[in-house]
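Chemist: Structure file upload-v7.cif (mmCIF, C-alpha atoms and all ligand atoms) right here:
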```
data_my_file
#
loop_
_atom_site.group_PDB
_atom_site.id
_atom_site.type_symbol
_atom_site.label_atom_id
_atom_site.label_comp_id
_atom_site.auth_asym_id
_atom_site.auth_seq_id
_atom_site.Cartn_x
_atom_site.Cartn_y
_atom_site.Cartn_z
ATOM 1 C CA MET A 1 16.115 -43.064 10.925
ATOM 2 C CA THR A 2 12.440 -42.288 10.331
ATOM 3 C CA LEU A 3 11.110 -39.337 12.333
ATOM 4 C CA LYS A 4 7.865 -40.059 14.169
ATOM 5 C CA VAL A 5 5.395 -37.209 13.748
ATOM 6 C CA ILE A 6 2.115 -36.271 15.444
ATOM 7 C CA ILE A 7 -0.195 -33.786 13.688
ATOM 8 C CA ALA A 8 -2.684 -31.633 15.611
ATOM 9 C CA GLY A 9 -5.548 -30.289 13.498
ATOM 10 C CA PRO A 10 -5.524 -32.968 10.745
ATOM 11 C CA ARG A 11 -9.030 -32.163 9.502
ATOM 12 C CA GLY A 12 -8.244 -28.500 8.919
ATOM 13 C CA LYS A 13 -7.182 -26.805 5.686
ATOM 14 C CA MET A 14 -3.528 -26.770 6.713
ATOM 15 C CA GLY A 15 -3.572 -29.975 8.765
ATOM 16 C CA SER A 16 -4.978 -32.094 5.931
ATOM 17 C CA GLU A 17 -2.251 -30.809 3.587
ATOM 18 C CA ALA A 18 0.391 -31.546 6.263
ATOM 19 C CA VAL A 19 -0.925 -35.119 6.626
ATOM 20 C CA LYS A 20 -0.365 -35.620 2.864
ATOM 21 C CA MET A 21 3.123 -34.088 2.975
ATOM 22 C CA VAL A 22 4.238 -36.248 5.934
ATOM 23 C CA ASN A 23 2.766 -39.402 4.324
ATOM 24 C CA GLU A 24 4.600 -38.728 1.070
ATOM 25 C CA ASP A 25 8.043 -38.247 2.653
ATOM 26 C CA SER A 26 9.833 -41.475 3.546
ATOM 27 C CA ASP A 27 11.848 -39.631 6.237
ATOM 28 C CA PHE A 28 8.640 -39.299 8.284
ATOM 29 C CA GLU A 29 6.113 -41.613 9.864
ATOM 30 C CA LEU A 30 2.761 -40.217 10.997
ATOM 31 C CA VAL A 31 2.109 -42.000 14.304
ATOM 32 C CA ALA A 32 -0.934 -40.187 15.749
ATOM 33 C CA CYS A 33 -3.181 -37.136 15.417
ATOM 34 C CA ILE A 34 -4.860 -34.762 17.852
ATOM 35 C CA ASP A 35 -8.281 -33.372 17.003
ATOM 36 C CA ARG A 36 -11.010 -32.033 19.233
ATOM 37 C CA LYS A 37 -14.093 -33.428 17.463
ATOM 38 C CA HIS A 38 -12.805 -36.953 17.047
ATOM 39 C CA ASN A 39 -15.043 -38.313 19.793
ATOM 40 C CA GLU A 40 -18.255 -36.448 18.988
ATOM 41 C CA ARG A 41 -18.395 -36.442 15.194
ATOM 42 C CA GLY A 42 -16.363 -39.352 13.962
ATOM 43 C CA TYR A 43 -13.179 -38.843 12.047
ATOM 44 C CA GLU A 44 -13.182 -37.117 8.688
ATOM 45 C CA ASN A 45 -9.708 -37.219 7.133
ATOM 46 C CA PRO A 46 -9.547 -40.277 4.820
ATOM 47 C CA ASP A 47 -5.714 -40.127 4.664
ATOM 48 C CA VAL A 48 -5.597 -40.576 8.444
ATOM 49 C CA GLN A 49 -8.348 -43.222 8.448
ATOM 50 C CA ALA A 50 -6.381 -45.238 5.886
ATOM 51 C CA LEU A 51 -3.322 -45.303 8.168
ATOM 52 C CA ASN A 52 -5.295 -46.688 11.092
ATOM 53 C CA ILE A 53 -3.384 -44.570 13.623
ATOM 54 C CA PRO A 54 -4.844 -43.298 16.916
ATOM 55 C CA VAL A 55 -6.559 -39.894 17.052
ATOM 56 C CA PHE A 56 -6.646 -38.300 20.503
ATOM 57 C CA ALA A 57 -8.906 -35.529 21.713
ATOM 58 C CA HIS A 58 -6.321 -34.357 24.265
ATOM 59 C CA ALA A 59 -2.630 -33.689 23.705
ATOM 60 C CA GLU A 60 -1.426 -34.950 27.084
ATOM 61 C CA GLU A 61 -3.163 -38.302 26.552
ATOM 62 C CA CYS A 62 -1.586 -38.517 23.094
ATOM 63 C CA PHE A 63 1.928 -37.718 24.327
ATOM 64 C CA GLN A 64 1.663 -40.196 27.215
ATOM 65 C CA ASN A 65 0.573 -43.035 24.926
ATOM 66 C CA VAL A 66 2.516 -42.506 21.711
ATOM 67 C CA LYS A 67 6.265 -42.271 21.243
ATOM 68 C CA ALA A 68 7.069 -39.420 18.861
ATOM 69 C CA ASP A 69 9.914 -37.071 17.873
ATOM 70 C CA LEU A 70 7.907 -34.138 16.559
ATOM 71 C CA LEU A 71 4.551 -32.373 16.800
ATOM 72 C CA VAL A 72 3.091 -30.300 13.959
ATOM 73 C CA ASP A 73 0.438 -27.949 15.332
ATOM 74 C CA LEU A 74 -2.054 -26.313 12.946
ATOM 75 C CA THR A 75 -5.016 -25.526 15.164
ATOM 76 C CA VAL A 76 -6.180 -22.400 17.022
ATOM 77 C CA PRO A 77 -4.079 -20.164 19.311
ATOM 78 C CA GLU A 78 -5.305 -21.197 22.795
ATOM 79 C CA VAL A 79 -5.081 -24.904 22.001
ATOM 80 C CA GLY A 80 -1.890 -24.550 19.968
ATOM 81 C CA TYR A 81 -0.171 -22.946 22.935
ATOM 82 C CA GLU A 82 -1.251 -25.787 25.278
ATOM 83 C CA HIS A 83 -0.182 -28.416 22.722
ATOM 84 C CA THR A 84 3.234 -26.801 22.247
ATOM 85 C CA LYS A 85 3.867 -26.556 25.982
ATOM 86 C CA ALA A 86 2.768 -30.164 26.585
ATOM 87 C CA ALA A 87 4.914 -31.370 23.667
ATOM 88 C CA LEU A 88 8.053 -29.746 25.106
ATOM 89 C CA GLN A 89 7.297 -31.139 28.566
ATOM 90 C CA ASN A 90 7.060 -34.613 27.000
ATOM 91 C CA TYR A 91 10.355 -34.295 25.048
ATOM 92 C CA ILE A 92 8.597 -33.800 21.691
ATOM 93 C CA ARG A 93 9.890 -31.065 19.358
ATOM 94 C CA PRO A 94 7.177 -28.674 18.178
ATOM 95 C CA VAL A 95 6.821 -27.266 14.656
ATOM 96 C CA VAL A 96 4.000 -24.776 15.010
ATOM 97 C CA GLY A 97 2.143 -22.936 12.258
ATOM 98 C CA THR A 98 -0.759 -21.836 14.427
ATOM 99 C CA THR A 99 -0.902 -18.035 14.654
ATOM 100 C CA GLY A 100 -2.147 -15.651 17.332
ATOM 101 C CA PHE A 101 0.157 -16.476 20.274
ATOM 102 C CA THR A 102 0.814 -13.581 22.678
ATOM 103 C CA ASP A 103 4.361 -12.295 23.313
ATOM 104 C CA GLU A 104 4.149 -13.755 26.837
ATOM 105 C CA GLN A 105 3.207 -17.190 25.480
ATOM 106 C CA LEU A 106 6.063 -17.083 22.952
ATOM 107 C CA SER A 107 8.595 -16.113 25.640
ATOM 108 C CA GLU A 108 7.364 -18.822 28.001
ATOM 109 C CA LEU A 109 7.538 -21.535 25.330
ATOM 110 C CA ILE A 110 11.035 -20.473 24.271
ATOM 111 C CA SER A 111 12.221 -20.519 27.860
ATOM 112 C CA ILE A 112 10.772 -24.028 28.445
ATOM 113 C CA SER A 113 12.516 -25.243 25.279
ATOM 114 C CA ARG A 114 15.822 -23.850 26.566
ATOM 115 C CA GLU A 115 15.391 -25.615 29.905
ATOM 116 C CA MET A 116 14.571 -28.866 28.114
ATOM 117 C CA LYS A 117 17.271 -28.273 25.429
ATOM 118 C CA LEU A 118 14.750 -29.100 22.726
ATOM 119 C CA GLY A 119 14.632 -27.623 19.229
ATOM 120 C CA GLY A 120 11.516 -26.475 17.435
ATOM 121 C CA ILE A 121 9.977 -23.594 15.547
ATOM 122 C CA ILE A 122 6.943 -21.368 15.723
ATOM 123 C CA ALA A 123 6.534 -19.688 12.335
ATOM 124 C CA PRO A 124 3.624 -17.461 11.377
ATOM 125 C CA ASN A 125 4.347 -18.232 7.739
ATOM 126 C CA PHE A 126 6.092 -21.314 6.299
ATOM 127 C CA ALA A 127 6.037 -20.089 2.668
ATOM 128 C CA ILE A 128 9.537 -19.167 1.516
ATOM 129 C CA GLY A 129 8.165 -16.321 -0.622
ATOM 130 C CA ALA A 130 6.472 -14.801 2.411
ATOM 131 C CA VAL A 131 9.702 -14.955 4.402
ATOM 132 C CA LEU A 132 11.488 -13.159 1.549
ATOM 133 C CA MET A 133 8.699 -10.544 1.463
ATOM 134 C CA MET A 134 9.312 -9.903 5.172
ATOM 135 C CA LYS A 135 13.081 -9.705 4.759
ATOM 136 C CA PHE A 136 12.870 -7.392 1.728
ATOM 137 C CA SER A 137 10.440 -5.202 3.690
ATOM 138 C CA GLN A 138 12.883 -5.058 6.579
ATOM 139 C CA MET A 139 15.591 -3.854 4.163
ATOM 140 C CA ALA A 140 13.332 -1.259 2.518
ATOM 141 C CA ALA A 141 12.115 0.228 5.826
ATOM 142 C CA LYS A 142 15.581 1.544 6.601
ATOM 143 C CA TYR A 143 15.273 3.919 3.634
ATOM 144 C CA LEU A 144 11.482 4.342 3.406
ATOM 145 C CA PRO A 145 10.090 4.480 6.965
ATOM 146 C CA ASP A 146 6.499 5.291 5.954
ATOM 147 C CA VAL A 147 4.818 1.924 5.528
ATOM 148 C CA ASP A 148 1.360 0.362 5.491
ATOM 149 C CA ILE A 149 0.787 -3.411 5.604
ATOM 150 C CA ILE A 150 -2.306 -4.791 3.885
ATOM 151 C CA GLU A 151 -2.997 -8.459 4.559
ATOM 152 C CA LYS A 152 -5.832 -10.291 2.791
ATOM 153 C CA HIS A 153 -7.206 -13.676 3.836
ATOM 154 C CA HIS A 154 -10.146 -16.060 3.406
ATOM 155 C CA ASP A 155 -13.111 -15.230 5.624
ATOM 156 C CA ASN A 156 -12.717 -18.308 7.871
ATOM 157 C CA LYS A 157 -9.621 -16.847 9.457
ATOM 158 C CA LEU A 158 -10.019 -16.303 13.216
ATOM 159 C CA ASP A 159 -7.134 -13.947 14.048
ATOM 160 C CA ALA A 160 -6.583 -10.396 12.812
ATOM 161 C CA PRO A 161 -4.147 -9.055 11.993
ATOM 162 C CA SER A 162 -2.519 -12.187 10.574
ATOM 163 C CA GLY A 163 0.555 -13.644 12.246
ATOM 164 C CA THR A 164 2.512 -12.774 9.109
ATOM 165 C CA ALA A 165 1.500 -9.104 9.290
ATOM 166 C CA VAL A 166 2.523 -8.900 12.954
ATOM 167 C CA LYS A 167 5.847 -10.606 12.229
ATOM 168 C CA THR A 168 6.438 -8.278 9.249
ATOM 169 C CA ALA A 169 5.825 -5.229 11.441
ATOM 170 C CA GLU A 170 8.173 -6.607 14.129
ATOM 171 C CA MET A 171 10.923 -7.214 11.561
ATOM 172 C CA ILE A 172 10.435 -3.769 10.001
ATOM 173 C CA GLN A 173 10.595 -2.215 13.473
ATOM 174 C CA LYS A 174 14.211 -3.403 13.751
ATOM 175 C CA THR A 175 15.379 -1.202 10.845
ATOM 176 C CA ARG A 176 12.750 1.562 10.653
ATOM 177 C CA GLU A 177 13.229 4.785 12.536
ATOM 178 C CA ALA A 178 10.220 4.991 14.910
ATOM 179 C CA LYS A 179 7.703 7.559 13.696
ATOM 180 C CA LYS A 180 3.988 8.276 13.701
ATOM 181 C CA GLN A 181 2.686 8.285 10.136
ATOM 182 C CA GLY A 182 0.050 10.407 8.447
ATOM 183 C CA HIS A 183 -1.089 13.922 9.301
ATOM 184 C CA PRO A 184 -0.505 14.867 12.967
ATOM 185 C CA HIS A 185 -4.123 16.092 13.203
ATOM 186 C CA GLU A 186 -5.792 13.319 11.198
ATOM 187 C CA LYS A 187 -9.144 12.112 12.560
ATOM 188 C CA GLU A 188 -11.063 8.896 11.846
ATOM 189 C CA THR A 189 -14.676 9.664 10.958
ATOM 190 C CA ILE A 190 -15.388 5.909 10.989
ATOM 191 C CA ASP A 191 -13.557 3.927 13.710
ATOM 192 C CA GLY A 192 -10.774 1.736 12.357
ATOM 193 C CA ALA A 193 -10.479 3.582 9.029
ATOM 194 C CA ARG A 194 -6.708 3.912 9.421
ATOM 195 C CA GLY A 195 -6.254 0.275 10.502
ATOM 196 C CA ALA A 196 -4.301 -1.068 13.474
ATOM 197 C CA ASP A 197 -1.365 0.985 14.748
ATOM 198 C CA HIS A 198 1.916 -0.858 15.316
ATOM 199 C CA ASP A 199 4.640 1.585 16.369
ATOM 200 C CA GLY A 200 3.109 4.195 14.032
ATOM 201 C CA MET A 201 2.797 1.781 11.069
ATOM 202 C CA HIS A 202 -0.704 0.830 9.944
ATOM 203 C CA ILE A 203 -1.947 -2.730 9.392
ATOM 204 C CA HIS A 204 -5.159 -3.391 7.445
ATOM 205 C CA SER A 205 -6.898 -6.801 7.451
ATOM 206 C CA VAL A 206 -9.134 -7.802 4.541
ATOM 207 C CA ARG A 207 -11.327 -10.939 4.909
ATOM 208 C CA LEU A 208 -13.156 -12.181 1.800
ATOM 209 C CA PRO A 209 -14.298 -15.499 0.328
ATOM 210 C CA GLY A 210 -12.078 -16.505 -2.585
ATOM 211 C CA LEU A 211 -8.851 -15.308 -0.957
ATOM 212 C CA VAL A 212 -6.215 -17.682 0.501
ATOM 213 C CA ALA A 213 -3.292 -15.718 2.031
ATOM 214 C CA HIS A 214 -1.913 -12.500 0.547
ATOM 215 C CA GLN A 215 0.060 -9.513 1.786
ATOM 216 C CA GLU A 216 1.261 -6.216 0.388
ATOM 217 C CA VAL A 217 3.756 -3.999 2.156
ATOM 218 C CA ILE A 218 3.570 -0.490 0.690
ATOM 219 C CA PHE A 219 6.334 2.040 1.320
ATOM 220 C CA GLY A 220 5.921 5.716 0.478
ATOM 221 C CA GLY A 221 8.565 8.375 -0.110
ATOM 222 C CA PRO A 222 8.606 11.759 -1.875
ATOM 223 C CA GLY A 223 7.215 11.148 -5.369
ATOM 224 C CA GLN A 224 7.412 7.347 -5.162
ATOM 225 C CA THR A 225 5.984 4.174 -3.666
ATOM 226 C CA LEU A 226 7.437 0.683 -3.401
ATOM 227 C CA THR A 227 5.131 -2.348 -3.069
ATOM 228 C CA ILE A 228 6.408 -5.744 -1.913
ATOM 229 C CA LYS A 229 3.737 -8.383 -2.423
ATOM 230 C CA HIS A 230 3.318 -12.080 -1.753
ATOM 231 C CA ASP A 231 0.446 -14.431 -2.614
ATOM 232 C CA SER A 232 -0.220 -17.972 -1.430
ATOM 233 C CA TYR A 233 -2.741 -19.466 -3.855
ATOM 234 C CA ASN A 234 -3.025 -22.770 -1.993
ATOM 235 C CA ARG A 235 -1.815 -24.473 1.214
ATOM 236 C CA LYS A 236 0.878 -26.463 -0.613
ATOM 237 C CA SER A 237 2.843 -23.204 -0.558
ATOM 238 C CA PHE A 238 3.494 -23.747 3.164
ATOM 239 C CA MET A 239 4.540 -27.409 3.031
ATOM 240 C CA ASP A 240 8.202 -27.101 1.974
ATOM 241 C CA GLY A 241 8.790 -24.848 4.979
ATOM 242 C CA ILE A 242 7.123 -27.294 7.365
ATOM 243 C CA ARG A 243 9.063 -30.253 5.905
ATOM 244 C CA PHE A 244 12.346 -28.346 6.223
ATOM 245 C CA SER A 245 11.522 -27.273 9.801
ATOM 246 C CA LEU A 246 10.691 -30.834 10.912
ATOM 247 C CA LYS A 247 14.132 -32.009 9.830
ATOM 248 C CA LYS A 248 15.932 -28.918 11.139
ATOM 249 C CA ALA A 249 14.221 -29.040 14.570
ATOM 250 C CA MET A 250 15.995 -32.339 15.270
ATOM 251 C CA GLU A 251 19.396 -30.546 15.069
ATOM 252 C CA MET A 252 18.408 -27.587 17.244
ATOM 253 C CA ASP A 253 18.352 -27.198 21.025
ATOM 254 C CA GLU A 254 15.860 -24.360 21.409
ATOM 255 C CA LEU A 255 12.597 -23.101 19.964
ATOM 256 C CA VAL A 256 12.836 -20.199 17.496
ATOM 257 C CA TYR A 257 10.135 -17.790 16.320
ATOM 258 C CA GLY A 258 10.184 -17.276 12.544
ATOM 259 C CA LEU A 259 11.386 -19.401 9.634
ATOM 260 C CA GLU A 260 13.941 -16.722 8.698
ATOM 261 C CA ASN A 261 15.956 -17.753 11.779
ATOM 262 C CA ILE A 262 16.697 -21.252 10.483
ATOM 263 C CA LEU A 263 16.925 -20.842 6.699
HETATM 264 N N1 LIG A 301 2.346 -20.793 9.605
HETATM 265 C C1 LIG A 301 1.792 -20.900 8.409
HETATM 266 O O1 LIG A 301 2.480 -20.954 7.376
HETATM 267 C C2 LIG A 301 0.302 -20.960 8.318
HETATM 268 C C3 LIG A 301 -0.442 -20.886 9.454
HETATM 269 N N2 LIG A 301 -1.784 -20.980 9.416
HETATM 270 C C4 LIG A 301 -2.442 -21.024 10.711
HETATM 271 O O2 LIG A 301 -2.733 -22.387 10.992
HETATM 272 C C5 LIG A 301 -3.904 -22.453 11.805
HETATM 273 C C6 LIG A 301 -4.914 -23.409 11.163
HETATM 274 O O3 LIG A 301 -5.372 -22.841 9.959
HETATM 275 P P1 LIG A 301 -6.434 -23.598 9.021
HETATM 276 O O4 LIG A 301 -5.957 -24.968 8.709
HETATM 277 O O5 LIG A 301 -6.717 -22.658 7.918
HETATM 278 O O6 LIG A 301 -7.693 -23.671 9.998
HETATM 279 P P2 LIG A 301 -8.885 -24.721 9.998
HETATM 280 O O7 LIG A 301 -10.008 -24.070 10.731
HETATM 281 O O8 LIG A 301 -9.134 -25.242 8.635
HETATM 282 O O9 LIG A 301 -8.323 -25.933 10.886
HETATM 283 C C7 LIG A 301 -8.163 -25.849 12.280
HETATM 284 C C8 LIG A 301 -7.998 -27.252 12.850
HETATM 285 O O10 LIG A 301 -7.840 -27.097 14.272
HETATM 286 C C9 LIG A 301 -8.670 -28.037 14.907
HETATM 287 N N3 LIG A 301 -9.059 -27.535 16.211
HETATM 288 C C10 LIG A 301 -9.813 -26.443 16.503
HETATM 289 N N4 LIG A 301 -10.020 -26.356 17.815
HETATM 290 C C11 LIG A 301 -9.377 -27.420 18.369
HETATM 291 C C12 LIG A 301 -9.240 -27.907 19.677
HETATM 292 N N5 LIG A 301 -9.846 -27.284 20.691
HETATM 293 N N6 LIG A 301 -8.494 -29.023 19.890
HETATM 294 C C13 LIG A 301 -7.907 -29.669 18.845
HETATM 295 N N7 LIG A 301 -8.017 -29.266 17.567
HETATM 296 C C14 LIG A 301 -8.755 -28.164 17.343
HETATM 297 C C15 LIG A 301 -9.881 -28.188 13.988
HETATM 298 O O11 LIG A 301 -10.602 -29.382 14.244
HETATM 299 C C16 LIG A 301 -9.189 -28.194 12.634
HETATM 300 O O12 LIG A 301 -8.710 -29.493 12.344
HETATM 301 C C17 LIG A 301 -4.384 -21.013 11.974
HETATM 302 O O13 LIG A 301 -3.893 -20.512 13.195
HETATM 303 C C18 LIG A 301 -3.739 -20.291 10.800
HETATM 304 O O14 LIG A 301 -3.559 -18.924 11.060
HETATM 305 C C19 LIG A 301 -2.454 -21.137 8.238
HETATM 306 C C20 LIG A 301 -1.770 -21.175 7.062
HETATM 307 C C21 LIG A 301 -0.334 -21.079 6.990
HETATM 308 O O1 LIG A 302 -5.006 -18.414 8.437
HETATM 309 C C1 LIG A 302 -4.356 -18.480 7.363
HETATM 310 O O2 LIG A 302 -4.844 -18.907 6.314
HETATM 311 C C2 LIG A 302 -2.955 -18.046 7.375
HETATM 312 N N1 LIG A 302 -2.411 -17.722 8.505
HETATM 313 C C3 LIG A 302 -1.068 -17.333 8.712
HETATM 314 C C4 LIG A 302 -1.021 -15.930 9.277
HETATM 315 O O3 LIG A 302 -1.841 -15.595 10.147
HETATM 316 O O4 LIG A 302 -0.154 -15.156 8.879
HETATM 317 C C5 LIG A 302 -0.191 -17.563 7.518
HETATM 318 C C6 LIG A 302 -0.842 -17.326 6.203
HETATM 319 O O5 LIG A 302 -0.989 -15.964 6.047
HETATM 320 C C7 LIG A 302 -2.176 -18.061 6.119
#
```
Represent the structure of the file as structure tokens.

Modeler:
Amino acid sequence: MTLKVIIAGPRGKMGSEAVKMVNEDSDFELVACIDRKHNERGYENPDVQALNIPVFAHAEECFQNVKADLLVDLTVPEVGYEHTKAALQNYIRPVVGTTGFTDEQLSELISISREMKLGGIIAPNFAIGAVLMMKFSQMAAKYLPDVDIIEKHHDNKLDAPSGTAVKTAEMIQKTREAKKQGHPHEKETIDGARGADHDGMHIHSVRLPGLVAHQEVIFGGPGQTLTIKHDSYNRKSFMDGIRFSLKKAMEMDELVYGLENIL
């Protein structure tokens, strides 16, 4: 059976790559897209134009008019949250790459999915290498609890720190003994010099043209450091994870947060 897929954000860097991936896989059929500027600016993704499928400016209108099994959301946090909620309420399983959801939003979406008995995934990073980086970091933190996370992204990124950095810190928190790092009397002479503080760990966000998506997790111990590093050089790196999640979501009966939970 072919799975009917809707993509939100098809003009974006990730969305346009997801359109290609879905088109190339005979298990999927792209049946509609959701994009905010469709009405004002005309439509700009030639792969979608060639399919002659509807493009809706509003999710609810899309879900009411098109029969679909799955939604892929690659937009911005506020809209992504609304899309995901509306998808669940319309019996459509969400596969969400959009980052920047609050803990409250994540909990609410998971609880709706449980009520509706619908599978889906929200994953801050769909690259398998990034998931391994997070898991290896979680293992290392048990032995080396002093850790800084440095994430580096292109300068069009809206959220900081990245969803991957937040997820990494949350996973590390499960094995790392809570502690405040650095000198007890340290003082920032320029605000932000030590980065964001997550349970005593520090997260630093670099934004530069030329970068795609990169992260280093650096652990320090007496006389040694350990660096666990992942680089995405293009958006294809995320597509195997999205493809896998689309198929897997059909077998699940609740929404999970993080690709590591379904691999
Ligand atoms: N989970 C993962 O593996 C990855 C997640 N991301 C996340 O995916 C999201 C998209 O990233 P990019 O493609 O780089 O961004 P982008 O800026 O290239 O694309 C964003 C898309 O969202 C659409 N959009 C914006 N506001 C909208 C609205 N109000 N209604 C409907 N559509 C709207 C835009 O038209 C565009 O198509 C970000 O949250 C990013 O952090 C990015 C890469 C990998
Ligand atoms: O905006 C991006 O580009 C990326 N966003 C995700 C994040 O916030 O972690 C995943 C990846 O790092 C690329």

Chemist: For chain A versus ligand LIG 302 (chain A), which residues have an atom no more than 10 Å away, and what is each residue's nearest atom pair and distance in Å rounded to one decimal, using only C-alpha atoms and all ligand atoms, chain-then-number order, as a tab-separated table?

Modeler:
```
residue	atom	partner	partner_atom	distance
A:Lys13	CA	A:LIG302	O2	8.3
A:Met14	CA	A:LIG302	O2	8.0
A:Leu74	CA	A:LIG302	O1	9.6
A:Thr75	CA	A:LIG302	O1	9.8
A:Val76	CA	A:LIG302	O1	9.5
A:Gly97	CA	A:LIG302	C3	7.4
A:Thr98	CA	A:LIG302	C3	7.3
A:Thr99	CA	A:LIG302	O3	5.2
A:Gly100	CA	A:LIG302	O3	7.2
A:Ala123	CA	A:LIG302	C5	8.5
A:Pro124	CA	A:LIG302	O4	5.1
A:Asn125	CA	A:LIG302	C5	4.6
A:Phe126	CA	A:LIG302	C5	7.4
A:Ala127	CA	A:LIG302	C6	8.2
A:Ala130	CA	A:LIG302	O5	8.4
A:Glu151	CA	A:LIG302	O5	7.9
A:Lys152	CA	A:LIG302	O5	8.1
A:His153	CA	A:LIG302	O2	6.3
A:His154	CA	A:LIG302	O2	6.7
A:Asp155	CA	A:LIG302	O2	9.1
A:Asn156	CA	A:LIG302	O1	7.7
A:Lys157	CA	A:LIG302	O1	5.0
A:Leu158	CA	A:LIG302	O1	7.2
A:Asp159	CA	A:LIG302	O3	6.8
A:Ala160	CA	A:LIG302	O3	7.5
A:Pro161	CA	A:LIG302	O3	7.2
A:Ser162	CA	A:LIG302	O3	3.5
A:Gly163	CA	A:LIG302	O3	3.7
A:Thr164	CA	A:LIG302	O4	3.6
A:Ala165	CA	A:LIG302	O4	6.3
A:Val166	CA	A:LIG302	O4	7.9
A:Lys167	CA	A:LIG302	O4	8.2
A:Thr168	CA	A:LIG302	O4	9.5
A:Leu211	CA	A:LIG302	O2	9.0
A:Val212	CA	A:LIG302	O2	6.1
A:Ala213	CA	A:LIG302	O5	4.6
A:His214	CA	A:LIG302	O5	6.6
A:Gln215	CA	A:LIG302	O5	7.8
A:His230	CA	A:LIG302	O5	9.7
A:Asp231	CA	A:LIG302	O5	8.9
A:Ser232	CA	A:LIG302	C6	7.7
A:Asn234	CA	A:LIG302	O2	9.3
A:Arg235	CA	A:LIG302	C7	8.1
A:Ser237	CA	A:LIG302	C6	9.7
A:Phe238	CA	A:LIG302	C6	8.3
```

Chemist: Which polymer residues have any atom within 6 Å of an atom of region 43-59 of chain A, counting all atoms listed in the file, with same-chain residues fewer than 3 positions away left out, as a VMD selection string?

Modeler: chain A and resid 11 32 to 36 38 62 83

Chemist: Would you write out, as an MDAnalysis selection string, every residue that the PyMOL selection byres (((chain A and resi 147) around 7) and not hetatm) captures in this file?

Modeler: chainID A and resid 145:146 148:149 201 217:220

Chemist: Can you work out the spacing between CA of Gly80 (chain A) and atom C13 of ligand LIG 301 (chain A) in Å, to one decimal?

Modeler: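 Between CA of Gly80 (chain A) and atom C13 of ligand LIG 301 (chain A) the gap is 8.0 Å.
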
Chemist: Go through A:Ile190, A:Ile228, A:Leu88, A:Ile121 and flag the residue nearest Met139 (chain A), using all atoms listed in the file for the distances.

Modeler: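 Distance minimum relative to Met139 (chain A) lands on A:Ile228.
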
Chemist: Calculate how many Å separate CA of Gln181 (chain A) from CA of Asp103 (chain A), rounding to one decimal.

Modeler: 24.5 Å

Chemist: Adding 4 Å on each side of the box along x, y and z that holds all listed atoms of region 121-136 of chain A, could you give its centre and edge lengths in Å to one decimal, as AutoDock Vina command-line options?

Modeler:
```
--center_x 8.4 --center_y -15.5 --center_z 7.6 --size_x 17.5 --size_y 24.2 --size_z 24.3
```
